[in-house]
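Here the structure is laid out as structure tokens; the discussion comes afterwards.
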Amino acid sequence: MTYIAKPPLHHPALARNKVGYTRRDYEGKVSTLCAGCGHDSISAAIIEACWEMNIEPHRVAKLSGIGCSSKTPDYFLGASHGFNTVHGRMPSVLTGANLANRDLLYLGVSGDGDSASIGLGQFAHAMRRNVNMVYIVENNGVYGLTKGQFSATADKGSKSKKGVVNADSPVDLVGLAMQLGASFVARSFSGDKAQMVPLIKAAMEHGGAAFIDIISPCVTFNNHPGSTRSYDWVREHNEAVNRIDFITPRDPITASIAPGEVVDVPQHDGSILRLRKLHTDYDPTDRVAAMSYLHERAAEGELVTGLLYVEAGADDLHTAQHTSRRPLNSLGRADLCPGAAALEKLNQAFR
């Protein structure tokens, strides 16, 4: 019944956030994905995070590529700006939009096929340039739209629904993101909304490339014994390295904190990412140590989730390129055409 539109009327008693929106205002169209798809849980977490953060929908630009995951922006933030690019090209289109209008909050949604295969080069450059964006990969290890072939992130030795064994080594997007310079790297599981929501909120406030790899089981082609991207396998092998809360300085802190070590990581806007460490030997601010830890746990068959790395006070692409503080669409003719003298000065700088 996915062709039925959602009713436009909202119950008058629905709770509203500080900017006057209900959760329904952050929804999109009815999902056409398979019932039980983990991608819908990710959409629900994005809706919850934006509602809790009092983000006005028109301030968000959501972009995607091709695949089941790249369909999901149609299912959340229906009043936001949106652009569905071609296969694997979401990062470059988002980079261009970001450079033209830095006032929007950029949310890129992709999949393991879209980002780890045809779009791998695009993914790499978005990370190394530290484009100010939230980059979410909805990772299920298969090509769901083309009937369940292994994707580039499928683990070596995992089995398909028909029993075929994957002989190829996987592309580790989390490891690549950290190696390439992303300043915020996390991994989560679509079946753990309590972990996803604060991670997404923290990523949205981070001032640089914030990458979240979310394991999202494909209930049709990759949710069976032998798969390392099934609900049961992830639940049995999930090892969370921390528990996080995201706290904005505009609200009083009322959370009750249990005894244990707590790390506060200041963000660009003065907000605080509060991190409770569950493993005393894990430091999310040490890039090299974090990468080593991930390799160690992977060798033991554990899928590490949580905030894996964060760099406080990271500079983004705008800082590196000294771009205009004003969006390009707000500049007048005098700003865009400064005259022959300015052009000559620029030409001389390249000689």
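Ordering of the structure tokens sets the chain letters (A, B, ...); residue numbers start at 1 within each chain; ligands are numbered from 1 in the order shown.
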Compile the contact shell of region 294-304 of chain A as a PyMOL selection string: residues with an atom at most 8 Å away, counting only C-alpha atoms, same-chain residues fewer than 6 positions apart removed.
chain A and resi 187+234+237-241
So which bits of region 48-171 of chain A end up alpha helix (DSSP H) when you DSSP the backbone, as a ChimeraX atom specification?
/A:48-52,68-71,90-100,112-113,120-128
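Of the listed residues A:Ile244, A:Val197, A:Ala320, A:Ala289, the one whose atoms come nearest to Met53 (chain A) is A:Val197, with distances taken using only C-alpha atoms.
Residue nearest Ala182 (chain A), chosen from A:Phe246, A:Phe123, A:Tyr21, A:Tyr26 and counting only C-alpha atoms: A:Phe123.
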What residues in region 149-238 of chain A get the DSSP label strand (DSSP E)? Please answer as a PyMOL selection string.
chain A and resi 149-150+184-189+209-215+238
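Across the model, the gap from CA of His125 (chain A) to CA of Arg351 (chain A) is 27.5 Å.
Nearest residue to Arg326 (chain A), choosing from A:Thr85, A:Ser227, A:Asn98, A:Thr153 and counting only C-alpha atoms: A:Asn98.
Distance annotation: of A:Ala49, A:Ala340, A:Val219, A:Ile118, the residue with the minimal separation from Arg23 (chain A) is A:Ala49; atom set is only C-alpha atoms.
Residues surrounding region 229-231 of chain A within 6 Å are Asn140, Pro217 and Asn223 of chain A [only C-alpha atoms; sequence separation below 5 positions excluded].
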Could you save those same residues with C-alpha atoms as a PDB file, in the first residue's frame?
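Final output, out_35.pdb:
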```pdb
ATOM      1  CA  ASN A 140      24.187  -4.226   4.243  1.00  0.00           C
ATOM      2  CA  PRO A 217      20.701  -5.766   7.423  1.00  0.00           C
ATOM      3  CA  ASN A 223      19.541 -11.795   6.778  1.00  0.00           C
TER       4      ASN A 223
END
```
Can you pull out the residues contacting Asp25 (chain A)? Cut-off 12 Å, using only C-alpha atoms, and skip same-chain residues under 3 positions away; I want them as number ranges by chain.
A: 6-11, 14-17, 19-22, 28-29, 47-48, 50-51, 54-58, 75-80
So that I can see what lies close to Ile136 (chain A), please list as a ChimeraX atom specification the residues with an atom at most 7 Å from it, counting only C-alpha atoms and leaving out residues fewer than 6 positions away in the same chain.
/A:108-110,211-213
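Between CA of Asp316 (chain A) and CA of Gln179 (chain A) there is a distance of 16.4 Å.
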From the list A:Ala154, A:Ala126, A:Ala5, A:Val93, which residue is nearest Asp168 (chain A) when using only C-alpha atoms?
A:Ala154
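With distances restricted to only C-alpha atoms, A:Leu145 is the closest residue to Leu33 (chain A) from A:Ala167, A:Leu145, A:Leu99, A:Ala186.
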